[in-house]
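A.B. asks: File data-v7.csv follows (CSV, C-alpha atoms):
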chain,number,residue,atom,x,y,z
A,1,MET,CA,69.6,98.3,170.7
A,2,SER,CA,69.8,95.5,168.3
A,3,LYS,CA,68.4,97.6,165.6
A,4,PHE,CA,71.6,97.7,163.6
A,5,ARG,CA,72.8,94.3,164.4
A,6,SER,CA,72.0,91.9,161.6
A,7,ASN,CA,70.6,88.6,162.6
A,8,GLY,CA,71.5,85.6,160.7
A,9,LYS,CA,74.1,85.2,157.9
A,10,ARG,CA,74.1,87.8,155.2
A,11,GLU,CA,74.3,86.5,151.7
A,12,MET,CA,76.7,87.9,149.1
A,13,PRO,CA,74.6,89.2,146.2
A,14,GLU,CA,75.2,87.7,142.8
A,15,LEU,CA,77.1,90.0,140.5
A,16,ASN,CA,75.0,91.0,137.5
A,17,THR,CA,77.0,90.2,134.4
A,18,SER,CA,74.2,90.8,131.9
A,19,SER,CA,76.0,94.0,130.6
A,20,LEU,CA,79.3,92.3,130.1
A,21,PRO,CA,78.7,91.3,126.5
A,22,ASP,CA,77.7,94.9,125.6
A,23,LEU,CA,80.9,96.2,127.2
A,24,ILE,CA,83.1,93.8,125.2
A,25,PHE,CA,81.2,94.5,122.0
A,26,THR,CA,82.0,98.2,122.5
A,27,VAL,CA,85.7,97.4,122.8
A,28,LEU,CA,85.4,95.1,119.8
A,29,PHE,CA,83.8,97.9,117.7
A,30,PHE,CA,86.5,100.3,118.8
A,31,PHE,CA,89.2,97.9,117.5
A,32,MET,CA,87.3,97.3,114.3
A,33,MET,CA,87.1,101.0,113.6
A,34,VAL,CA,90.7,102.0,114.4
A,35,THR,CA,92.5,99.2,112.7
A,36,SER,CA,92.8,98.2,109.1
A,37,MET,CA,93.4,94.8,107.7
A,38,ARG,CA,96.8,94.1,106.3
A,39,GLU,CA,96.5,94.5,102.6
A,40,VAL,CA,99.4,92.8,101.1
A,41,GLU,CA,101.7,90.1,102.2
A,42,VAL,CA,105.2,91.4,102.4
A,43,LYS,CA,107.5,89.0,100.8
A,44,VAL,CA,110.7,90.8,101.5
A,45,GLN,CA,112.5,91.3,104.8
A,46,VAL,CA,112.5,95.0,105.7
A,47,LYS,CA,114.0,96.5,108.7
A,48,THR,CA,113.7,100.2,108.2
A,49,PRO,CA,116.3,102.6,109.6
A,50,THR,CA,115.4,104.8,112.6
A,51,GLY,CA,115.5,108.5,113.1
A,52,SER,CA,114.5,110.9,115.7
A,53,SER,CA,113.1,114.4,115.4
A,54,GLU,CA,112.4,114.5,111.7
A,55,ILE,CA,110.2,111.4,111.5
A,56,GLU,CA,106.6,112.3,110.7
A,57,LYS,CA,103.6,110.2,110.9
A,58,LEU,CA,101.8,109.5,107.7
A,59,GLU,CA,98.2,110.7,107.8
A,60,ARG,CA,95.5,109.6,105.4
A,61,LYS,CA,96.4,106.1,104.5
A,62,SER,CA,94.4,106.3,101.3
A,63,LEU,CA,97.0,108.6,99.8
A,64,VAL,CA,99.9,106.3,100.4
A,65,SER,CA,101.3,103.6,98.2
A,66,HIS,CA,104.0,101.3,99.3
A,67,ILE,CA,107.1,100.1,97.6
A,68,TYR,CA,109.2,97.5,99.4
A,69,ILE,CA,112.8,96.9,98.8
A,70,GLY,CA,114.8,94.2,100.6
A,71,PRO,CA,116.1,90.7,100.5
A,72,PRO,CA,113.4,88.1,99.9
A,73,ALA,CA,111.9,86.3,102.9
A,74,LYS,CA,113.2,82.9,103.7
A,75,GLN,CA,110.6,80.9,101.9
A,76,TYR,CA,111.3,82.8,98.6
A,77,ARG,CA,115.1,82.5,98.8
A,78,ALA,CA,115.2,79.3,96.8
A,79,THR,CA,113.5,80.9,93.8
A,80,PHE,CA,114.6,84.5,94.0
A,81,GLY,CA,118.0,84.3,95.7
A,82,SER,CA,119.0,86.6,98.5
A,83,ALA,CA,119.8,89.7,96.5
A,84,PRO,CA,117.5,92.7,97.3
A,85,GLN,CA,114.2,92.7,95.3
A,86,ILE,CA,111.6,95.3,94.7
A,87,GLN,CA,108.1,94.3,95.7
A,88,LEU,CA,105.1,96.1,94.1
A,89,ASN,CA,101.7,94.9,95.3
A,90,GLU,CA,102.1,91.1,95.6
A,91,HIS,CA,105.0,90.5,93.2
A,92,PHE,CA,108.6,91.0,92.8
A,93,ALA,CA,109.4,93.5,90.0
A,94,GLU,CA,112.0,95.2,88.0
A,95,PRO,CA,112.6,98.9,88.5
A,96,GLU,CA,111.0,99.5,85.1
A,97,ALA,CA,107.7,98.2,86.4
A,98,VAL,CA,107.5,101.1,88.9
A,99,ARG,CA,106.1,103.4,86.4
A,100,GLU,CA,103.2,101.1,85.6
A,101,PHE,CA,102.6,100.6,89.3
A,102,VAL,CA,102.5,104.3,89.9
A,103,SER,CA,100.0,104.9,87.1
A,104,ALA,CA,97.8,102.1,88.3
A,105,GLU,CA,97.8,103.4,91.8
A,106,ARG,CA,97.1,106.9,90.5
A,107,GLU,CA,94.1,105.6,88.5
A,108,SER,CA,92.6,104.1,91.6
A,109,MET,CA,92.6,107.4,93.4
A,110,ALA,CA,89.9,110.1,93.5
A,111,GLU,CA,90.7,113.0,91.1
A,112,ARG,CA,91.3,115.6,93.8
A,113,ASP,CA,93.7,113.3,95.7
A,114,LYS,CA,95.9,112.6,92.7
A,115,PRO,CA,98.4,115.4,93.3
A,116,LEU,CA,98.7,114.4,96.9
A,117,MET,CA,99.8,110.9,96.2
A,118,LYS,CA,102.7,109.8,98.3
A,119,MET,CA,105.0,106.9,97.8
A,120,SER,CA,106.3,105.2,100.9
A,121,LEU,CA,109.6,103.5,100.3
A,122,LYS,CA,110.0,100.7,102.8
A,123,ILE,CA,113.7,99.9,102.3
A,124,ASP,CA,115.8,97.6,104.3
A,125,GLN,CA,118.7,99.4,106.0
A,126,ASP,CA,121.3,97.0,104.5
A,127,VAL,CA,120.3,97.5,100.9
A,128,GLN,CA,122.7,99.2,98.7
A,129,MET,CA,121.9,102.6,97.1
A,130,GLY,CA,122.0,101.3,93.5
A,131,ILE,CA,118.6,99.7,93.5
A,132,VAL,CA,117.1,102.6,95.6
A,133,THR,CA,118.4,105.1,93.0
A,134,ASP,CA,116.9,103.1,90.1
A,135,VAL,CA,113.5,103.2,91.8
A,136,LYS,CA,113.8,106.9,92.5
A,137,GLN,CA,114.7,107.6,88.9
A,138,GLU,CA,111.6,105.7,87.8
A,139,LEU,CA,109.5,107.6,90.3
A,140,ARG,CA,110.7,110.8,88.9
A,141,LYS,CA,109.9,109.7,85.4
A,142,ALA,CA,106.4,108.7,86.6
A,143,ARG,CA,106.0,112.1,88.2
A,144,ALA,CA,105.4,110.6,91.6
A,145,LEU,CA,107.5,113.1,93.4
A,146,ASN,CA,106.3,113.0,96.9
A,147,ILE,CA,108.2,110.2,98.6
A,148,VAL,CA,108.6,109.1,102.2
A,149,TYR,CA,111.6,107.1,103.3
A,150,SER,CA,109.8,104.9,105.8
A,151,ALA,CA,111.5,104.8,109.1
A,152,GLY,CA,110.8,104.1,112.7
A,153,LYS,CA,111.1,106.5,115.5
A,154,GLU,CA,114.0,106.0,117.8
A,155,LYS,CA,113.2,105.7,121.5
A,156,GLU,CA,114.4,108.7,123.5
A,157,LYS,CA,117.1,107.7,125.8
B,1,MET,CA,47.8,67.7,125.9
B,2,ALA,CA,49.4,70.6,127.6
B,3,LYS,CA,47.3,72.5,130.0
B,4,GLY,CA,47.3,76.3,130.3
B,5,LYS,CA,50.0,78.7,129.0
B,6,ARG,CA,53.5,77.4,128.6
B,7,LYS,CA,56.2,79.7,129.8
B,8,VAL,CA,59.1,80.5,127.4
B,9,PRO,CA,62.3,79.7,129.2
B,10,GLY,CA,64.8,82.6,129.4
B,11,LEU,CA,67.6,82.3,127.0
B,12,ASN,CA,70.9,81.7,128.7
B,13,GLN,CA,73.2,84.6,127.7
B,14,SER,CA,76.1,83.8,129.8
B,15,SER,CA,78.2,82.7,126.8
B,16,THR,CA,77.6,85.8,124.7
B,17,ALA,CA,80.5,87.4,126.5
B,18,ASP,CA,82.8,84.5,125.6
B,19,ILE,CA,81.7,84.7,121.9
B,20,SER,CA,82.4,88.4,121.7
B,21,PHE,CA,85.7,87.9,123.5
B,22,ILE,CA,86.8,85.5,120.8
B,23,LEU,CA,85.8,88.0,118.1
B,24,LEU,CA,87.7,90.7,119.9
B,25,ILE,CA,90.8,88.6,120.1
B,26,PHE,CA,90.5,87.7,116.4
B,27,PHE,CA,90.5,91.4,115.5
B,28,LEU,CA,93.3,92.1,117.8
B,29,VAL,CA,95.5,89.5,116.2
B,30,THR,CA,94.7,90.1,112.5
B,31,THR,CA,94.8,93.9,112.4
B,32,SER,CA,97.9,96.1,112.4
B,33,MET,CA,98.0,99.1,114.6
B,34,ASP,CA,101.3,100.3,113.3
B,35,VAL,CA,101.2,103.8,112.0
B,36,ASP,CA,103.4,104.4,109.0
B,37,SER,CA,106.1,107.0,109.6
B,38,GLY,CA,109.0,108.3,107.8
B,39,LEU,CA,111.1,111.1,106.4
B,40,SER,CA,109.3,113.1,103.7
B,41,ARG,CA,111.2,114.2,100.7
B,42,ARG,CA,110.3,115.7,97.4
B,43,LEU,CA,112.1,114.4,94.3
B,44,PRO,CA,113.1,116.9,91.6
B,45,ASP,CA,111.1,116.9,88.4
B,46,TRP,CA,112.2,114.7,85.6
B,47,ASP,CA,113.3,116.8,82.7
B,48,PRO,CA,115.1,114.7,80.1
B,49,ASP,CA,116.7,117.8,78.5
B,50,ALA,CA,118.1,119.1,81.7
B,51,VAL,CA,119.8,116.0,82.9
B,52,GLU,CA,123.1,116.7,81.4
B,53,GLN,CA,122.9,120.4,82.1
B,54,GLU,CA,125.7,121.7,84.3
B,55,MET,CA,124.6,124.3,86.7
B,56,LYS,CA,126.8,127.2,87.1
B,57,ILE,CA,127.1,127.9,90.8
B,58,LYS,CA,129.8,129.7,92.5
B,59,GLU,CA,132.1,127.5,94.5
B,60,ARG,CA,131.3,129.2,97.8
B,61,ASN,CA,127.7,128.3,97.5
B,62,VAL,CA,128.1,124.6,97.1
B,63,MET,CA,128.6,122.0,99.8
B,64,THR,CA,129.3,118.5,98.5
B,65,VAL,CA,128.5,115.6,100.7
B,66,GLN,CA,129.9,112.4,99.3
B,67,VAL,CA,129.1,109.0,100.7
B,68,ASN,CA,131.4,106.4,99.2
B,69,LYS,CA,131.2,102.7,99.0
B,70,ASN,CA,132.9,102.3,102.4
B,71,ASN,CA,130.2,104.4,103.9
B,72,GLU,CA,132.5,107.2,104.7
B,73,ILE,CA,131.1,110.7,104.5
B,74,HIS,CA,133.3,113.3,102.9
B,75,VAL,CA,132.3,116.9,103.1
B,76,LYS,CA,133.7,119.6,101.0
B,77,ASN,CA,132.8,123.3,101.2
B,78,GLY,CA,134.5,126.6,101.3
B,79,VAL,CA,136.1,126.1,104.7
B,80,LEU,CA,136.2,122.3,105.0
B,81,ASN,CA,137.4,119.4,103.1
B,82,ARG,CA,137.6,116.2,105.0
B,83,THR,CA,136.0,112.9,106.0
B,84,ILE,CA,133.6,113.4,108.9
B,85,ASP,CA,131.4,111.4,111.2
B,86,VAL,CA,127.7,111.5,110.7
B,87,SER,CA,127.2,113.2,114.1
B,88,GLU,CA,129.2,116.2,112.9
B,89,LEU,CA,127.2,116.7,109.8
B,90,LYS,CA,124.3,118.6,111.3
B,91,ASP,CA,126.4,121.4,112.7
B,92,ILE,CA,128.5,121.6,109.6
B,93,ALA,CA,125.4,121.9,107.5
B,94,LYS,CA,123.9,124.5,109.8
B,95,GLU,CA,126.9,126.6,109.6
B,96,PHE,CA,127.0,126.3,105.9
B,97,ILE,CA,123.4,127.1,105.3
B,98,ALA,CA,123.1,130.0,107.7
B,99,ASN,CA,126.6,131.4,107.3
B,100,PRO,CA,126.2,133.3,110.6
B,101,ASP,CA,129.6,135.1,110.5
B,102,ASP,CA,129.4,136.3,106.9
B,103,ASN,CA,132.4,134.1,106.0
B,104,ILE,CA,133.4,134.9,102.4
B,105,ASN,CA,134.0,131.2,101.8
B,106,LEU,CA,130.5,130.2,102.8
B,107,PRO,CA,127.3,130.9,100.8
B,108,ILE,CA,126.6,134.5,99.9
B,109,LYS,CA,123.9,136.3,101.8
B,110,GLU,CA,121.5,138.3,99.7
B,111,ASP,CA,118.3,140.3,100.1
B,112,TYR,CA,115.5,138.0,99.3
B,113,GLU,CA,111.9,139.1,98.7
B,114,ILE,CA,109.3,136.8,100.3
B,115,GLU,CA,105.7,137.3,99.2
B,116,GLY,CA,103.5,138.5,101.9
B,117,TYR,CA,106.3,139.2,104.3
B,118,GLY,CA,109.0,141.4,103.0
B,119,THR,CA,112.7,141.2,102.4
B,120,VAL,CA,115.1,139.0,104.4
B,121,VAL,CA,118.8,138.5,104.2
B,122,THR,CA,119.5,134.8,103.6
B,123,THR,CA,121.6,132.4,101.6
B,124,VAL,CA,119.2,131.8,98.8
B,125,ARG,CA,121.8,130.4,96.5
B,126,HIS,CA,123.3,127.7,98.6
B,127,VAL,CA,123.1,124.2,97.3
B,128,ILE,CA,123.9,120.9,99.1
B,129,SER,CA,125.0,118.3,96.7
B,130,LEU,CA,124.5,114.8,97.9
B,131,GLN,CA,126.5,112.1,96.1
B,132,THR,CA,126.3,108.5,96.7
B,133,ASP,CA,127.9,105.4,95.2
B,134,ARG,CA,125.8,102.5,93.9
B,135,THR,CA,127.2,100.4,96.7
B,136,THR,CA,126.6,102.8,99.5
B,137,ASN,CA,124.6,101.4,102.3
B,138,TYR,CA,121.0,102.7,102.5
B,139,GLU,CA,121.2,103.2,106.2
B,140,ILE,CA,124.0,105.6,106.1
B,141,TYR,CA,122.3,107.5,103.2
B,142,PHE,CA,119.2,107.7,105.3
B,143,LYS,CA,121.2,109.0,108.3
B,144,VAL,CA,122.8,111.7,106.1
B,145,GLN,CA,119.3,112.8,104.8
B,146,HIS,CA,118.0,112.8,108.4
B,147,GLU,CA,120.9,115.0,109.7
B,148,LEU,CA,120.5,117.4,106.8
B,149,SER,CA,116.8,117.6,107.4
B,150,LYS,CA,117.5,118.2,111.1
B,151,ALA,CA,119.8,121.0,110.2
B,152,TYR,CA,117.1,122.7,108.2
B,153,SER,CA,114.5,122.4,110.8
B,154,GLU,CA,116.7,123.6,113.6
B,155,LEU,CA,117.5,126.7,111.6
B,156,ARG,CA,113.8,127.2,110.8
B,157,ASP,CA,113.0,126.8,114.5
B,158,ALA,CA,115.6,129.4,115.5
B,159,TRP,CA,114.4,131.9,112.8
B,160,ALA,CA,110.8,131.4,113.7
B,161,ARG,CA,111.5,131.9,117.3
B,162,LYS,CA,113.4,135.1,116.6
B,163,THR,CA,110.8,136.5,114.2
B,164,PHE,CA,107.4,135.2,115.4
B,165,GLY,CA,108.4,134.3,118.9
B,166,LYS,CA,107.4,130.7,118.6
B,167,LYS,CA,108.6,127.4,117.2
B,168,TYR,CA,108.1,126.6,113.5
B,169,GLU,CA,105.5,123.9,114.4
B,170,GLN,CA,103.4,126.4,116.2
B,171,CYS,CA,103.5,129.0,113.5
B,172,ASP,CA,100.4,129.6,111.4
B,173,GLU,CA,100.2,127.0,108.6
B,174,LYS,CA,98.8,129.4,106.0
B,175,THR,CA,100.7,132.6,106.7
B,176,GLU,CA,103.8,132.1,108.8
B,177,GLN,CA,105.1,128.6,107.9
B,178,PRO,CA,105.6,129.3,104.2
B,179,VAL,CA,107.6,132.4,105.1
B,180,VAL,CA,109.9,130.4,107.4
B,181,ARG,CA,110.2,127.7,104.8
B,182,ALA,CA,111.2,130.3,102.2
B,183,VAL,CA,113.9,131.7,104.3
B,184,TYR,CA,115.6,128.4,104.8
B,185,ALA,CA,114.4,126.5,101.7
B,186,SER,CA,115.7,123.0,101.6
B,187,LYS,CA,118.1,122.7,98.7
B,188,ILE,CA,119.5,119.3,98.5
B,189,SER,CA,120.5,118.2,95.1
B,190,GLU,CA,121.1,114.5,94.5
B,191,ALA,CA,123.5,113.7,91.7
B,192,GLU,CA,123.3,110.5,89.8
B,193,PRO,CA,125.2,107.8,91.7
B,194,LYS,CA,128.6,107.3,90.4
B,195,GLN,CA,130.9,104.3,90.4
B,196,TYR,CA,133.9,105.8,92.1
B,197,GLY,CA,137.1,104.0,91.4
B,198,THR,CA,135.9,102.3,88.3
B,199,ALA,CA,135.7,103.3,84.7
B,200,GLN,CA,133.0,105.9,84.3
Could you spell out this file's structure in structure tokens?
C.D. replies:
Amino acid sequence: MSKFRSNGKREMPELNTSSLPDLIFTVLFFFMMVTSMREVEVKVQVKTPTGSSEIEKLERKSLVSHIYIGPPAKQYRATFGSAPQIQLNEHFAEPEAVREFVSAERESMAERDKPLMKMSLKIDQDVQMGIVTDVKQELRKARALNIVYSAGKEKEK
Amino acid sequence: MAKGKRKVPGLNQSSTADISFILLIFFLVTTSMDVDSGLSRRLPDWDPDAVEQEMKIKERNVMTVQVNKNNEIHVKNGVLNRTIDVSELKDIAKEFIANPDDNINLPIKEDYEIEGYGTVVTTVRHVISLQTDRTTNYEIYFKVQHELSKAYSELRDAWARKTFGKKYEQCDEKTEQPVVRAVYASKISEAEPKQYGTAQ
């Protein structure tokens, strides 16, 4: 009757961890695939406004160029003051420089993507319209007509 | 002198997991997952000759939305002329665009031929003119744009549901959506910003 009764102490088997590195590598590769490195350092403080139903996600990042407008970040205050600035690529710029920026961005795109170019305007919500309008006029002159007012999605209450 | 074959010791792999963990954490920290989102708009073409051109539009077809330097929204159309709150704007805009009761002070309804569909009766000639001051706050401007955009998409949804029996989003991208878009085409005109209250 003692067939099922174990005799002596049973030992807990060691957990095999040899596949753990593979597992973590898989997760690592997943993150490497889905994420993209931050391209430019944003030198202005931008807190975009929020909206609800009309906010669309931007697909195809390669088609999108960014223009940042907002007050300079703290470490640049001393040199540039706190009035809103336009940032193109890495530098602060005047509205007139937008045209050049657009043509440079357009040059770097594939031929068939050029008409699909989108300008994403990341504008701080406390900026006044004057500077925004100047940029918009320059975009019109540069024939970059597809724009996106960058905004976050409001949380549903 | 060593005797016989020497055994190669097994490589200790227990730290591989830690190494890849560190890599994983590095990527987690340095990369940005945030998906860009926003409100899409199309700017009008730049035509230097047409800048000064005054368009001749009947008064009933125009709704002026003015946002002044104190961030007050003033709406003026055939039936309304007052300062409003941003939350009212959507319904006012919807009533203006659709003109459901055939009000003679709201945009005229006309037969409009849509390619590949047929004729619909809609307010093709309506124009929403959005005027801002140079010192208007961007946030309020964005909210106005957002509300107007919402008004259009709600009207499109309603029309799509009535005609195709489904929401605009679910309509066929190639055949049905352009029709719905044509019925309620977004006509927001943005005038050059003015300096109200100062010499022009």
A.B. asks: Using all atoms listed in the file, find each residue in chain B having at least one atom no more than 9 Å away from chain A; report its shortest atom-to-atom pair and that distance in Å (one decimal), rows by chain then rising number, as JSON lines.
C.D. replies:
{"residue": "B:Gln13", "atom": "CA", "partner": "A:Ser18", "partner_atom": "CA", "distance": 7.6}
{"residue": "B:Ser14", "atom": "CA", "partner": "A:Ser18", "partner_atom": "CA", "distance": 7.6}
{"residue": "B:Ser15", "atom": "CA", "partner": "A:Pro21", "partner_atom": "CA", "distance": 8.6}
{"residue": "B:Thr16", "atom": "CA", "partner": "A:Pro21", "partner_atom": "CA", "distance": 5.9}
{"residue": "B:Ala17", "atom": "CA", "partner": "A:Pro21", "partner_atom": "CA", "distance": 4.3}
{"residue": "B:Asp18", "atom": "CA", "partner": "A:Pro21", "partner_atom": "CA", "distance": 8.0}
{"residue": "B:Ile19", "atom": "CA", "partner": "A:Pro21", "partner_atom": "CA", "distance": 8.6}
{"residue": "B:Ser20", "atom": "CA", "partner": "A:Phe25", "partner_atom": "CA", "distance": 6.2}
{"residue": "B:Phe21", "atom": "CA", "partner": "A:Ile24", "partner_atom": "CA", "distance": 6.7}
{"residue": "B:Leu23", "atom": "CA", "partner": "A:Leu28", "partner_atom": "CA", "distance": 7.3}
{"residue": "B:Leu24", "atom": "CA", "partner": "A:Leu28", "partner_atom": "CA", "distance": 5.0}
{"residue": "B:Ile25", "atom": "CA", "partner": "A:Leu28", "partner_atom": "CA", "distance": 8.5}
{"residue": "B:Phe27", "atom": "CA", "partner": "A:Met32", "partner_atom": "CA", "distance": 6.8}
{"residue": "B:Leu28", "atom": "CA", "partner": "A:Phe31", "partner_atom": "CA", "distance": 7.1}
{"residue": "B:Thr30", "atom": "CA", "partner": "A:Met37", "partner_atom": "CA", "distance": 6.8}
{"residue": "B:Thr31", "atom": "CA", "partner": "A:Met37", "partner_atom": "CA", "distance": 5.0}
{"residue": "B:Ser32", "atom": "CA", "partner": "A:Thr35", "partner_atom": "CA", "distance": 6.2}
{"residue": "B:Met33", "atom": "CA", "partner": "A:Thr35", "partner_atom": "CA", "distance": 5.8}
{"residue": "B:Asp34", "atom": "CA", "partner": "A:Thr35", "partner_atom": "CA", "distance": 8.9}
{"residue": "B:Val35", "atom": "CA", "partner": "A:Lys57", "partner_atom": "CA", "distance": 6.9}
{"residue": "B:Asp36", "atom": "CA", "partner": "A:Leu58", "partner_atom": "CA", "distance": 5.5}
{"residue": "B:Ser37", "atom": "CA", "partner": "A:Lys57", "partner_atom": "CA", "distance": 4.3}
{"residue": "B:Gly38", "atom": "CA", "partner": "A:Ser150", "partner_atom": "CA", "distance": 4.0}
{"residue": "B:Leu39", "atom": "CA", "partner": "A:Tyr149", "partner_atom": "CA", "distance": 5.1}
{"residue": "B:Ser40", "atom": "CA", "partner": "A:Val148", "partner_atom": "CA", "distance": 4.3}
{"residue": "B:Arg41", "atom": "CA", "partner": "A:Ile147", "partner_atom": "CA", "distance": 5.4}
{"residue": "B:Arg42", "atom": "CA", "partner": "A:Asn146", "partner_atom": "CA", "distance": 4.9}
{"residue": "B:Leu43", "atom": "CA", "partner": "A:Leu145", "partner_atom": "CA", "distance": 4.9}
{"residue": "B:Pro44", "atom": "CA", "partner": "A:Leu145", "partner_atom": "CA", "distance": 7.0}
{"residue": "B:Asp45", "atom": "CA", "partner": "A:Arg140", "partner_atom": "CA", "distance": 6.1}
{"residue": "B:Trp46", "atom": "CA", "partner": "A:Arg140", "partner_atom": "CA", "distance": 5.3}
{"residue": "B:Asp47", "atom": "CA", "partner": "A:Lys141", "partner_atom": "CA", "distance": 8.3}
{"residue": "B:Pro48", "atom": "CA", "partner": "A:Lys141", "partner_atom": "CA", "distance": 9.0}
{"residue": "B:Thr132", "atom": "CA", "partner": "A:Met129", "partner_atom": "CA", "distance": 7.4}
{"residue": "B:Asp133", "atom": "CA", "partner": "A:Met129", "partner_atom": "CA", "distance": 6.9}
{"residue": "B:Arg134", "atom": "CA", "partner": "A:Gly130", "partner_atom": "CA", "distance": 4.0}
{"residue": "B:Thr135", "atom": "CA", "partner": "A:Gln128", "partner_atom": "CA", "distance": 5.1}
{"residue": "B:Thr136", "atom": "CA", "partner": "A:Met129", "partner_atom": "CA", "distance": 5.3}
{"residue": "B:Asn137", "atom": "CA", "partner": "A:Gln128", "partner_atom": "CA", "distance": 4.6}
{"residue": "B:Tyr138", "atom": "CA", "partner": "A:Gln125", "partner_atom": "CA", "distance": 5.3}
{"residue": "B:Glu139", "atom": "CA", "partner": "A:Gln125", "partner_atom": "CA", "distance": 4.6}
{"residue": "B:Ile140", "atom": "CA", "partner": "A:Gln125", "partner_atom": "CA", "distance": 8.2}
{"residue": "B:Tyr141", "atom": "CA", "partner": "A:Met129", "partner_atom": "CA", "distance": 7.8}
{"residue": "B:Phe142", "atom": "CA", "partner": "A:Pro49", "partner_atom": "CA", "distance": 7.3}
{"residue": "B:Lys143", "atom": "CA", "partner": "A:Gly51", "partner_atom": "CA", "distance": 7.5}
{"residue": "B:His146", "atom": "CA", "partner": "A:Glu54", "partner_atom": "CA", "distance": 6.7}
{"residue": "B:Glu147", "atom": "CA", "partner": "A:Glu54", "partner_atom": "CA", "distance": 8.7}
{"residue": "B:Ser149", "atom": "CA", "partner": "A:Glu54", "partner_atom": "CA", "distance": 6.9}
{"residue": "B:Lys150", "atom": "CA", "partner": "A:Glu54", "partner_atom": "CA", "distance": 6.3}
{"residue": "B:Ser153", "atom": "CA", "partner": "A:Glu54", "partner_atom": "CA", "distance": 8.2}
{"residue": "B:Glu192", "atom": "CA", "partner": "A:Thr133", "partner_atom": "CA", "distance": 8.0}
{"residue": "B:Pro193", "atom": "CA", "partner": "A:Thr133", "partner_atom": "CA", "distance": 7.4}
A.B. asks: Store the residues picked out above, limited to C-alpha atoms, as a CSV table (one decimal), in the frame of the given file.
C.D. replies:
chain,number,residue,atom,x,y,z
B,13,GLN,CA,73.2,84.6,127.7
B,14,SER,CA,76.1,83.8,129.8
B,15,SER,CA,78.2,82.7,126.8
B,16,THR,CA,77.6,85.8,124.7
B,17,ALA,CA,80.5,87.4,126.5
B,18,ASP,CA,82.8,84.5,125.6
B,19,ILE,CA,81.7,84.7,121.9
B,20,SER,CA,82.4,88.4,121.7
B,21,PHE,CA,85.7,87.9,123.5
B,23,LEU,CA,85.8,88.0,118.1
B,24,LEU,CA,87.7,90.7,119.9
B,25,ILE,CA,90.8,88.6,120.1
B,27,PHE,CA,90.5,91.4,115.5
B,28,LEU,CA,93.3,92.1,117.8
B,30,THR,CA,94.7,90.1,112.5
B,31,THR,CA,94.8,93.9,112.4
B,32,SER,CA,97.9,96.1,112.4
B,33,MET,CA,98.0,99.1,114.6
B,34,ASP,CA,101.3,100.3,113.3
B,35,VAL,CA,101.2,103.8,112.0
B,36,ASP,CA,103.4,104.4,109.0
B,37,SER,CA,106.1,107.0,109.6
B,38,GLY,CA,109.0,108.3,107.8
B,39,LEU,CA,111.1,111.1,106.4
B,40,SER,CA,109.3,113.1,103.7
B,41,ARG,CA,111.2,114.2,100.7
B,42,ARG,CA,110.3,115.7,97.4
B,43,LEU,CA,112.1,114.4,94.3
B,44,PRO,CA,113.1,116.9,91.6
B,45,ASP,CA,111.1,116.9,88.4
B,46,TRP,CA,112.2,114.7,85.6
B,47,ASP,CA,113.3,116.8,82.7
B,48,PRO,CA,115.1,114.7,80.1
B,132,THR,CA,126.3,108.5,96.7
B,133,ASP,CA,127.9,105.4,95.2
B,134,ARG,CA,125.8,102.5,93.9
B,135,THR,CA,127.2,100.4,96.7
B,136,THR,CA,126.6,102.8,99.5
B,137,ASN,CA,124.6,101.4,102.3
B,138,TYR,CA,121.0,102.7,102.5
B,139,GLU,CA,121.2,103.2,106.2
B,140,ILE,CA,124.0,105.6,106.1
B,141,TYR,CA,122.3,107.5,103.2
B,142,PHE,CA,119.2,107.7,105.3
B,143,LYS,CA,121.2,109.0,108.3
B,146,HIS,CA,118.0,112.8,108.4
B,147,GLU,CA,120.9,115.0,109.7
B,149,SER,CA,116.8,117.6,107.4
B,150,LYS,CA,117.5,118.2,111.1
B,153,SER,CA,114.5,122.4,110.8
B,192,GLU,CA,123.3,110.5,89.8
B,193,PRO,CA,125.2,107.8,91.7
A.B. asks: Residues at most 9 Å from Phe92 (chain A), counting all atoms listed in the file, excluding those fewer than 5 positions away in the same chain, as an MDAnalysis selection string?
C.D. replies: chainID A and resid 43:44 80 85:87
A.B. asks: Any idea what the distance is between CA of Gln75 (chain A) and CA of Ala104 (chain A)?
C.D. replies: 28.3 Å
A.B. asks: Compile the contact shell of Thr122 (chain B) as a short mmCIF file (atom, residue, chain, number, x, y, z; two decimals) with C-alpha atoms, keeping the file's coordinate frame: residues with an atom at most 9 Å away, counting only C-alpha atoms, same-chain residues fewer than 6 positions apart removed.
C.D. replies:
data_model
loop_
_atom_site.label_atom_id
_atom_site.label_comp_id
_atom_site.auth_asym_id
_atom_site.auth_seq_id
_atom_site.Cartn_x
_atom_site.Cartn_y
_atom_site.Cartn_z
CA ILE B 97 123.40 127.10 105.30
CA ALA B 98 123.10 130.00 107.70
CA ASN B 99 126.60 131.40 107.30
CA ILE B 108 126.60 134.50 99.90
CA LYS B 109 123.90 136.30 101.80
CA GLU B 110 121.50 138.30 99.70
CA ASP B 111 118.30 140.30 100.10
CA TYR B 112 115.50 138.00 99.30
CA VAL B 183 113.90 131.70 104.30
CA TYR B 184 115.60 128.40 104.80
#
A.B. asks: Mind giving me the straight-line distance from CA of Glu154 (chain B) to CA of Arg125 (chain B) in Å, one decimal?
C.D. replies: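 Between these atoms lies a distance of 19.1 Å.
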A.B. asks: For Ile114 (chain B), please output as an NGL selection string all residues within 9 Å (counting all atoms listed in the file; exclusion window: fewer than 4 positions along the same chain).
C.D. replies: :B and (118-120 or 179 or 182-183)
A.B. asks: In the coordinates of the file, take the point (113.4, 126.8, 112.2) and a cut-off of 12 Å; then, counting only C-alpha atoms, name each qualifying protein, DNA or RNA residue as a VMD selection string.
C.D. replies: chain B and resid 94 98 149 to 171 176 to 186
